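Below: one structure, written as structure tokens.
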Amino acid sequence: MIQELSYVGIASPRSEDWRAYGTRQLGAMLTDDGPDGAVRLAVDDVSYRIAVHPGEQDEFLYAGWGMANETDLQNFVEKLETHGVDVHTGDATLLAERQVAELSWFEDPWGIRHELSWGKLATPLSFTPGRTMRGGFVTGDQGLGHVVFQVPDLDEANRFYVDVLGFRLSDRIATDRYTVRFYHVNGRHHSLALAELPGYVGFNHLMLEVENIDDLGTAIDLLDETGTEVMQTLGRHTNDLMTSIYISSPSGLQIEYGHGGLVVDDLSWIARTYDQPSYWGHRRPASSRSRVPGIVRPAPAPADANAAIP
Ligand SMILES: [Fe+2]
């Protein structure tokens with residue numbers, strides 16, 4: 001069973017800009033560069049959780065999911081293989097780069113790469129925020145935060161992510177214009193959300209949650225100084241109750257920077273459908289309305305999309 005969102009990796013021509021953006025704007029800590037010069041950021045005592053590799057274009061590379069231990073990883077890989085998923089075993093070079101004990105990876109029907117690992121390196125008391133913060137980030141047994149992908153076919157994606165990968169539905173937001181499904185793998189209301197964008201695959205945003213609301217306020221105060229754009233104004237979501245702002249990054253994807261997210265209990269949880277995403281706020285300024293936010297690419301042909309689903 002997948003236990004947490006552990007880390008994410010992207011490529012970008014502006015990877016170097018993440019040194020200032022990641023520390024000053026996000027409050028993350030710069031750690032050792034990757035072997036290819038990737039800028040790597042920590043948000044807690046885990047070695048690093050965000051890697052921005054140098055690349056010719058903005059590109060989503062991988063989402064890393066944490067498994068409890070080696071037995072769980074092995075059993076999960078066997079389950080994926082019985083569903084016809086082509087699972088690859090990470091070699092020593094990859095394990096060293098990701099700083100995990102064991103790793104397997106596969107792609108979803110549209111080529112979104114997922115890595116499964118256990119035993120990621122952690123150094124106790126190593127985390128120091130990149131800027132002055134009153135608290136740290138909400139991680140621990142809730143993992144890094146959440147990722148939101150755009151997929152060409154939400155029903156088909158739901159079958160893969162739920163039936164094959166075991167993500168559990170938290171709820172849906174369905175408006176006149178779109179439907180988004182939210183999934184949990186631990187107490188965090190969602191570690192993954194999927195939105196339909198016909199013909200395209202995209203990495204829309206990464207959410208980071210801070211422990212103290214003052215650190216959200218400070219991040220808003222810093223936007224001008226760091227040259228960061230507001231993609232959605234401060235608001236509060238109806239489903240996970242997160243108070244958050246969506247901001248630009250140097251690399252196409254947005255960062256949702258939030259506080260106060262809901263913790264769910266699987267024993268009593270019932271999935272609802274909400275007809276609006278937010279109680280208030282989360283308005284898109286005119287300047288951000290002209291483009292589809294996220295790192296988006298055309299989806300592969302439908303024949304390929306069916307390959308991994310029996
Ligand atoms: Fe979000």
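The chains in the structure tokens are called A, B, ... from first to last as shown; in each chain the residues are counted from 1, and the ligands are counted from 1 in the order shown.
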
For this session: Could you give me, as a PyMOL selection string, the residues within 8 Å of stretch 5-18 of chain A, counting only C-alpha atoms and dropping anything in the same chain fewer than 5 positions from it?
Result: chain A and resi 23+38-39+48-66+142-146+191+250-251

Exercise. Hey, which residues come within 8 Å of ligand 1 if we count only C-alpha atoms and all ligand atoms? Could you give them as a PyMOL selection string?
Worked result: chain A and resi 146-148+193+205-207+256

Between stretch 158-216 of chain A and stretch 258-280 of chain A, at 7 Å or less, what are the per-residue closest atom pairs and their distances in Å? Count only C-alpha atoms, order by chain and rising residue number, and return it as a tab-separated table.
residue	atom	partner	partner_atom	distance
A:Leu169	CA	A:Ala271	CA	6.6
A:Ser170	CA	A:Ala271	CA	5.2
A:Asp171	CA	A:Ala271	CA	4.4
A:Arg172	CA	A:Thr273	CA	4.7
A:Ile173	CA	A:Tyr274	CA	4.7
A:Ala174	CA	A:Asp275	CA	5.2
A:Thr175	CA	A:Asp275	CA	5.2
A:Gly187	CA	A:Val263	CA	4.9
A:Arg188	CA	A:Val263	CA	5.0
A:His189	CA	A:Val263	CA	5.5
A:Leu208	CA	A:Gly258	CA	6.3
A:Glu209	CA	A:Gly258	CA	4.7
A:Val210	CA	A:His259	CA	5.3
A:Glu211	CA	A:His259	CA	6.4
A:Asn212	CA	A:His259	CA	6.9
A:Ile213	CA	A:His259	CA	6.0
A:Leu216	CA	A:Gly258	CA	6.5

For this session: Pull the helix (DSSP H, G or I) assignments for stretch 139-288 of chain A out of DSSP run on the backbone, and list those residues as a PyMOL selection string.
Result: chain A and resi 140-142+154-164+213-221+223-226+286-288

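The environment of A:Gly90 within 7 Å, counting only C-alpha atoms and disregarding residues fewer than 3 places along the same chain, consists of Leu94, Leu95, Leu103 and Ser104 of chain A.
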
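Picture a line from atom CA of A:Glu102 to atom CA of A:Leu194; it runs 27.2 Å.
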
Close residues, stretch 282-297 of chain A itself excluded, 8 Å, only C-alpha atoms, min 6 positions apart in chain, as an mmCIF file with all heavy atoms, in the first residue's frame:
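This went into result-v3.cif:
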data_model
loop_
_atom_site.group_PDB
_atom_site.id
_atom_site.type_symbol
_atom_site.label_atom_id
_atom_site.label_comp_id
_atom_site.auth_asym_id
_atom_site.auth_seq_id
_atom_site.Cartn_x
_atom_site.Cartn_y
_atom_site.Cartn_z
ATOM 1 N N ASP A 58 10.444 22.834 -19.570
ATOM 2 C CA ASP A 58 9.752 22.447 -18.345
ATOM 3 C C ASP A 58 9.099 21.089 -18.563
ATOM 4 O O ASP A 58 8.395 20.884 -19.564
ATOM 5 C CB ASP A 58 8.671 23.480 -17.997
ATOM 6 C CG ASP A 58 9.274 24.804 -17.555
ATOM 7 O OD1 ASP A 58 10.441 24.812 -17.132
ATOM 8 O OD2 ASP A 58 8.559 25.822 -17.645
ATOM 9 N N GLU A 59 9.335 20.198 -17.655
ATOM 10 C CA GLU A 59 8.862 18.829 -17.836
ATOM 11 C C GLU A 59 8.618 18.208 -16.466
ATOM 12 O O GLU A 59 9.442 18.363 -15.555
ATOM 13 C CB GLU A 59 9.963 18.045 -18.563
ATOM 14 C CG GLU A 59 9.517 16.775 -19.192
ATOM 15 C CD GLU A 59 10.687 16.102 -19.926
ATOM 16 O OE1 GLU A 59 11.767 16.719 -20.100
ATOM 17 O OE2 GLU A 59 10.525 14.938 -20.283
ATOM 18 N N PHE A 60 7.494 17.521 -16.319
ATOM 19 C CA PHE A 60 7.302 16.709 -15.120
ATOM 20 C C PHE A 60 8.118 15.432 -15.294
ATOM 21 O O PHE A 60 8.058 14.795 -16.340
ATOM 22 C CB PHE A 60 5.822 16.349 -14.943
ATOM 23 C CG PHE A 60 5.613 15.314 -13.881
ATOM 24 C CD1 PHE A 60 5.599 15.681 -12.542
ATOM 25 C CD2 PHE A 60 5.472 13.977 -14.204
ATOM 26 C CE1 PHE A 60 5.449 14.718 -11.551
ATOM 27 C CE2 PHE A 60 5.318 13.014 -13.222
ATOM 28 C CZ PHE A 60 5.308 13.391 -11.892
ATOM 29 N N GLN A 150 -3.362 16.669 -14.548
ATOM 30 C CA GLN A 150 -4.429 16.747 -15.545
ATOM 31 C C GLN A 150 -4.299 15.517 -16.446
ATOM 32 O O GLN A 150 -3.190 15.178 -16.879
ATOM 33 C CB GLN A 150 -4.286 18.016 -16.387
ATOM 34 C CG GLN A 150 -4.548 19.291 -15.593
ATOM 35 C CD GLN A 150 -3.444 20.321 -15.722
ATOM 36 O OE1 GLN A 150 -2.260 19.986 -15.731
ATOM 37 N NE2 GLN A 150 -3.822 21.588 -15.822
ATOM 38 N N TYR A 200 -4.738 16.176 -23.205
ATOM 39 C CA TYR A 200 -3.491 16.619 -22.573
ATOM 40 C C TYR A 200 -3.180 15.851 -21.281
ATOM 41 O O TYR A 200 -4.069 15.276 -20.644
ATOM 42 C CB TYR A 200 -3.564 18.121 -22.249
ATOM 43 C CG TYR A 200 -3.590 18.962 -23.491
ATOM 44 C CD1 TYR A 200 -4.799 19.315 -24.087
ATOM 45 C CD2 TYR A 200 -2.402 19.362 -24.097
ATOM 46 C CE1 TYR A 200 -4.831 20.063 -25.252
ATOM 47 C CE2 TYR A 200 -2.424 20.111 -25.260
ATOM 48 C CZ TYR A 200 -3.637 20.451 -25.829
ATOM 49 O OH TYR A 200 -3.659 21.185 -26.984
ATOM 50 N N VAL A 201 -1.886 15.862 -20.937
ATOM 51 C CA VAL A 201 -1.425 15.353 -19.654
ATOM 52 C C VAL A 201 -0.670 16.499 -18.988
ATOM 53 O O VAL A 201 0.126 17.179 -19.637
ATOM 54 C CB VAL A 201 -0.444 14.170 -19.839
ATOM 55 C CG1 VAL A 201 -0.017 13.613 -18.491
ATOM 56 C CG2 VAL A 201 -1.069 13.091 -20.691
ATOM 57 N N GLY A 202 -0.916 16.720 -17.715
ATOM 58 C CA GLY A 202 -0.239 17.853 -17.084
ATOM 59 C C GLY A 202 -0.003 17.666 -15.600
ATOM 60 O O GLY A 202 -0.672 16.877 -14.934
ATOM 61 N N PHE A 203 0.990 18.402 -15.129
ATOM 62 C CA PHE A 203 1.271 18.490 -13.699
ATOM 63 C C PHE A 203 0.846 19.890 -13.303
ATOM 64 O O PHE A 203 1.523 20.870 -13.599
ATOM 65 C CB PHE A 203 2.766 18.247 -13.451
ATOM 66 C CG PHE A 203 3.190 18.363 -12.007
ATOM 67 C CD1 PHE A 203 2.335 17.992 -10.977
ATOM 68 C CD2 PHE A 203 4.453 18.820 -11.676
ATOM 69 C CE1 PHE A 203 2.733 18.086 -9.639
ATOM 70 C CE2 PHE A 203 4.872 18.912 -10.350
ATOM 71 C CZ PHE A 203 4.004 18.550 -9.334
ATOM 72 N N ASN A 204 -0.305 20.002 -12.659
ATOM 73 C CA ASN A 204 -0.897 21.302 -12.393
ATOM 74 C C ASN A 204 -0.255 22.010 -11.208
ATOM 75 O O ASN A 204 0.160 23.153 -11.308
ATOM 76 C CB ASN A 204 -2.400 21.148 -12.162
ATOM 77 C CG ASN A 204 -3.078 22.463 -11.890
ATOM 78 O OD1 ASN A 204 -3.211 22.871 -10.738
ATOM 79 N ND2 ASN A 204 -3.481 23.157 -12.953
ATOM 80 N N HIS A 205 -0.212 21.320 -10.057
ATOM 81 C CA HIS A 205 0.432 21.970 -8.907
ATOM 82 C C HIS A 205 0.897 20.991 -7.855
ATOM 83 O O HIS A 205 0.465 19.845 -7.814
ATOM 84 C CB HIS A 205 -0.462 23.056 -8.303
ATOM 85 C CG HIS A 205 -1.678 22.579 -7.553
ATOM 86 N ND1 HIS A 205 -2.915 22.486 -8.123
ATOM 87 C CD2 HIS A 205 -1.843 22.196 -6.261
ATOM 88 C CE1 HIS A 205 -3.794 22.077 -7.217
ATOM 89 N NE2 HIS A 205 -3.172 21.878 -6.074
ATOM 90 N N VAL A 230 0.699 35.801 -8.540
ATOM 91 C CA VAL A 230 -0.459 35.152 -7.913
ATOM 92 C C VAL A 230 -1.279 34.471 -9.005
ATOM 93 O O VAL A 230 -1.717 35.117 -9.956
ATOM 94 C CB VAL A 230 -1.340 36.186 -7.176
ATOM 95 C CG1 VAL A 230 -2.613 35.522 -6.642
ATOM 96 C CG2 VAL A 230 -0.565 36.836 -6.045
ATOM 97 N N MET A 231 -1.471 33.162 -8.889
ATOM 98 C CA MET A 231 -2.272 32.420 -9.863
ATOM 99 C C MET A 231 -3.715 32.275 -9.372
ATOM 100 O O MET A 231 -4.646 32.260 -10.158
ATOM 101 C CB MET A 231 -1.660 31.047 -10.116
ATOM 102 C CG MET A 231 -0.185 31.082 -10.533
ATOM 103 S SD MET A 231 0.112 32.024 -12.040
ATOM 104 C CE MET A 231 -0.541 30.894 -13.265
ATOM 105 N N GLN A 232 -3.885 32.133 -8.061
ATOM 106 C CA GLN A 232 -5.208 32.198 -7.437
ATOM 107 C C GLN A 232 -5.025 32.893 -6.095
ATOM 108 O O GLN A 232 -4.126 32.546 -5.326
ATOM 109 C CB GLN A 232 -5.812 30.802 -7.209
ATOM 110 C CG GLN A 232 -6.265 30.111 -8.482
ATOM 111 C CD GLN A 232 -6.944 28.781 -8.197
ATOM 112 O OE1 GLN A 232 -7.716 28.651 -7.258
ATOM 113 N NE2 GLN A 232 -6.639 27.776 -8.993
ATOM 114 N N THR A 233 -5.922 33.841 -5.834
ATOM 115 C CA THR A 233 -5.802 34.632 -4.607
ATOM 116 C C THR A 233 -6.036 33.766 -3.367
ATOM 117 O O THR A 233 -6.511 32.630 -3.471
ATOM 118 C CB THR A 233 -6.834 35.775 -4.608
ATOM 119 O OG1 THR A 233 -8.145 35.181 -4.736
ATOM 120 C CG2 THR A 233 -6.600 36.728 -5.779
ATOM 121 N N LEU A 234 -5.736 34.324 -2.220
ATOM 122 C CA LEU A 234 -5.966 33.611 -0.969
ATOM 123 C C LEU A 234 -7.424 33.164 -0.889
ATOM 124 O O LEU A 234 -8.342 33.928 -1.198
ATOM 125 C CB LEU A 234 -5.637 34.541 0.214
ATOM 126 C CG LEU A 234 -5.668 33.899 1.596
ATOM 127 C CD1 LEU A 234 -4.525 32.913 1.772
ATOM 128 C CD2 LEU A 234 -5.598 34.999 2.676
ATOM 129 N N GLY A 235 -7.647 31.937 -0.476
ATOM 130 C CA GLY A 235 -9.008 31.410 -0.386
ATOM 131 C C GLY A 235 -9.041 30.204 0.516
ATOM 132 O O GLY A 235 -7.998 29.741 1.007
ATOM 133 N N ARG A 236 -10.263 29.667 0.731
ATOM 134 C CA ARG A 236 -10.386 28.459 1.561
ATOM 135 C C ARG A 236 -11.219 27.411 0.834
ATOM 136 O O ARG A 236 -12.343 27.683 0.407
ATOM 137 C CB ARG A 236 -11.031 28.794 2.907
ATOM 138 C CG ARG A 236 -10.928 27.619 3.873
ATOM 139 C CD ARG A 236 -11.280 28.040 5.283
ATOM 140 N NE ARG A 236 -10.959 26.984 6.225
ATOM 141 C CZ ARG A 236 -11.805 26.537 7.157
ATOM 142 N NH1 ARG A 236 -13.006 27.060 7.269
ATOM 143 N NH2 ARG A 236 -11.441 25.574 7.980
ATOM 144 N N SER A 244 -5.372 28.781 1.432
ATOM 145 C CA SER A 244 -4.167 28.716 0.600
ATOM 146 C C SER A 244 -4.170 29.778 -0.479
ATOM 147 O O SER A 244 -5.193 30.381 -0.797
ATOM 148 C CB SER A 244 -4.066 27.328 -0.063
ATOM 149 O OG SER A 244 -5.190 27.095 -0.892
ATOM 150 N N ILE A 245 -2.983 29.951 -1.049
ATOM 151 C CA ILE A 245 -2.801 30.813 -2.213
ATOM 152 C C ILE A 245 -2.070 29.982 -3.260
ATOM 153 O O ILE A 245 -1.266 29.108 -2.912
ATOM 154 C CB ILE A 245 -2.017 32.094 -1.839
ATOM 155 C CG1 ILE A 245 -1.978 33.071 -3.014
ATOM 156 C CG2 ILE A 245 -0.620 31.792 -1.319
ATOM 157 C CD1 ILE A 245 -1.522 34.467 -2.616
ATOM 158 N N TYR A 246 -2.386 30.202 -4.534
ATOM 159 C CA TYR A 246 -1.684 29.523 -5.625
ATOM 160 C C TYR A 246 -0.741 30.529 -6.260
ATOM 161 O O TYR A 246 -1.174 31.616 -6.650
ATOM 162 C CB TYR A 246 -2.673 29.012 -6.678
ATOM 163 C CG TYR A 246 -3.531 27.850 -6.227
ATOM 164 C CD1 TYR A 246 -4.510 28.011 -5.245
ATOM 165 C CD2 TYR A 246 -3.373 26.589 -6.794
ATOM 166 C CE1 TYR A 246 -5.296 26.952 -4.839
ATOM 167 C CE2 TYR A 246 -4.176 25.516 -6.392
ATOM 168 C CZ TYR A 246 -5.128 25.708 -5.422
ATOM 169 O OH TYR A 246 -5.913 24.650 -5.026
ATOM 170 N N SER A 251 8.993 27.395 -13.158
ATOM 171 C CA SER A 251 8.968 26.274 -14.112
ATOM 172 C C SER A 251 7.579 25.807 -14.554
ATOM 173 O O SER A 251 7.381 24.621 -14.815
ATOM 174 C CB SER A 251 9.725 25.087 -13.498
ATOM 175 O OG SER A 251 11.017 25.486 -13.113
ATOM 176 N N GLY A 252 6.620 26.698 -14.627
ATOM 177 C CA GLY A 252 5.328 26.314 -15.192
ATOM 178 C C GLY A 252 4.337 25.792 -14.174
ATOM 179 O O GLY A 252 3.183 26.201 -14.170
ATOM 180 N N LEU A 253 4.771 24.868 -13.325
ATOM 181 C CA LEU A 253 3.809 24.370 -12.350
ATOM 182 C C LEU A 253 3.519 25.452 -11.327
ATOM 183 O O LEU A 253 4.316 26.368 -11.124
ATOM 184 C CB LEU A 253 4.316 23.106 -11.637
ATOM 185 C CG LEU A 253 5.335 23.297 -10.524
ATOM 186 C CD1 LEU A 253 5.197 22.211 -9.482
ATOM 187 C CD2 LEU A 253 6.724 23.303 -11.105
ATOM 188 N N GLN A 254 2.348 25.325 -10.688
ATOM 189 C CA GLN A 254 2.008 26.241 -9.605
ATOM 190 C C GLN A 254 2.353 25.578 -8.278
ATOM 191 O O GLN A 254 2.385 24.357 -8.173
ATOM 192 C CB GLN A 254 0.509 26.511 -9.590
ATOM 193 C CG GLN A 254 -0.071 27.020 -10.877
ATOM 194 C CD GLN A 254 -1.592 26.991 -10.811
ATOM 195 O OE1 GLN A 254 -2.220 27.967 -10.450
ATOM 196 N NE2 GLN A 254 -2.186 25.859 -11.152
#

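Distance check against A:Asp155 using only C-alpha atoms: of A:Pro198, A:Gly84, A:Gly281, A:Gly37, the minimum falls on A:Pro198.
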
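One finds atom CA of A:Ile255 at 18.7 Å from atom CA of A:Val151.
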
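When only C-alpha atoms are used to compute distances to A:Val46, the closest of the residues A:Leu125, A:Ala68, A:Ala299, A:Ala219 turns out to be A:Leu125.
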
With only C-alpha atoms as the counted atoms, please give the residues lying no more than 12 Å from A:Ala96, apart from itself and same-chain residues fewer than 2 positions off, as a compact mmCIF listing (two decimals) with N, CA, C and O atoms, in the first residue's frame.
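Result file is selection-v7.txt:
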# COMPACT_ATOMS: atom_id res chain seq x y z
N GLY A 34 21.97 17.37 -6.95
CA GLY A 34 22.01 16.02 -7.51
C GLY A 34 23.21 15.86 -8.43
O GLY A 34 23.86 16.85 -8.80
N PRO A 35 23.49 14.62 -8.85
CA PRO A 35 24.64 14.36 -9.71
C PRO A 35 24.59 15.10 -11.04
O PRO A 35 25.63 15.42 -11.63
N SER A 47 15.95 13.79 3.51
CA SER A 47 17.09 14.36 2.77
C SER A 47 16.68 15.44 1.76
O SER A 47 17.23 16.52 1.75
N GLY A 90 14.75 -0.05 -9.79
CA GLY A 90 15.78 0.97 -9.80
C GLY A 90 17.15 0.37 -9.54
O GLY A 90 17.29 -0.49 -8.66
N ASP A 91 18.17 0.81 -10.31
CA ASP A 91 19.53 0.30 -10.09
C ASP A 91 20.24 1.12 -9.00
O ASP A 91 19.68 2.08 -8.46
N ALA A 92 21.47 0.71 -8.69
CA ALA A 92 22.21 1.33 -7.57
C ALA A 92 22.39 2.83 -7.79
O ALA A 92 22.32 3.62 -6.83
N THR A 93 22.59 3.24 -9.04
CA THR A 93 22.79 4.67 -9.34
C THR A 93 21.53 5.47 -8.99
O THR A 93 21.59 6.54 -8.37
N LEU A 94 20.38 4.91 -9.38
CA LEU A 94 19.12 5.60 -9.09
C LEU A 94 18.84 5.64 -7.59
O LEU A 94 18.40 6.66 -7.05
N ARG A 98 18.24 9.10 -5.49
CA ARG A 98 17.00 9.38 -4.75
C ARG A 98 17.19 9.22 -3.24
O ARG A 98 16.32 9.57 -2.46
N GLN A 99 18.30 8.62 -2.83
CA GLN A 99 18.61 8.40 -1.41
C GLN A 99 17.55 7.56 -0.73
O GLN A 99 17.02 7.90 0.34
N VAL A 100 17.23 6.44 -1.38
CA VAL A 100 16.26 5.47 -0.83
C VAL A 100 16.91 4.09 -0.80
O VAL A 100 17.93 3.84 -1.44
N ALA A 101 16.27 3.19 -0.02
CA ALA A 101 16.83 1.84 0.14
C ALA A 101 16.52 0.95 -1.07
O ALA A 101 17.37 0.20 -1.54
N GLU A 102 15.27 1.01 -1.53
CA GLU A 102 14.86 0.25 -2.72
C GLU A 102 13.85 1.07 -3.48
O GLU A 102 13.10 1.87 -2.88
N LEU A 103 13.76 0.85 -4.79
CA LEU A 103 12.87 1.65 -5.61
C LEU A 103 12.40 0.84 -6.82
O LEU A 103 13.19 0.11 -7.42
N GLY A 119 12.51 3.56 2.84
CA GLY A 119 13.81 3.82 3.46
C GLY A 119 14.51 5.05 2.97
O GLY A 119 15.74 5.07 2.85
N LYS A 120 13.77 6.13 2.70
CA LYS A 120 14.44 7.37 2.25
C LYS A 120 15.25 7.96 3.41
O LYS A 120 14.83 7.96 4.56
N LEU A 121 16.42 8.44 3.06
CA LEU A 121 17.36 8.98 4.05
C LEU A 121 16.75 10.15 4.82
O LEU A 121 16.13 11.03 4.23
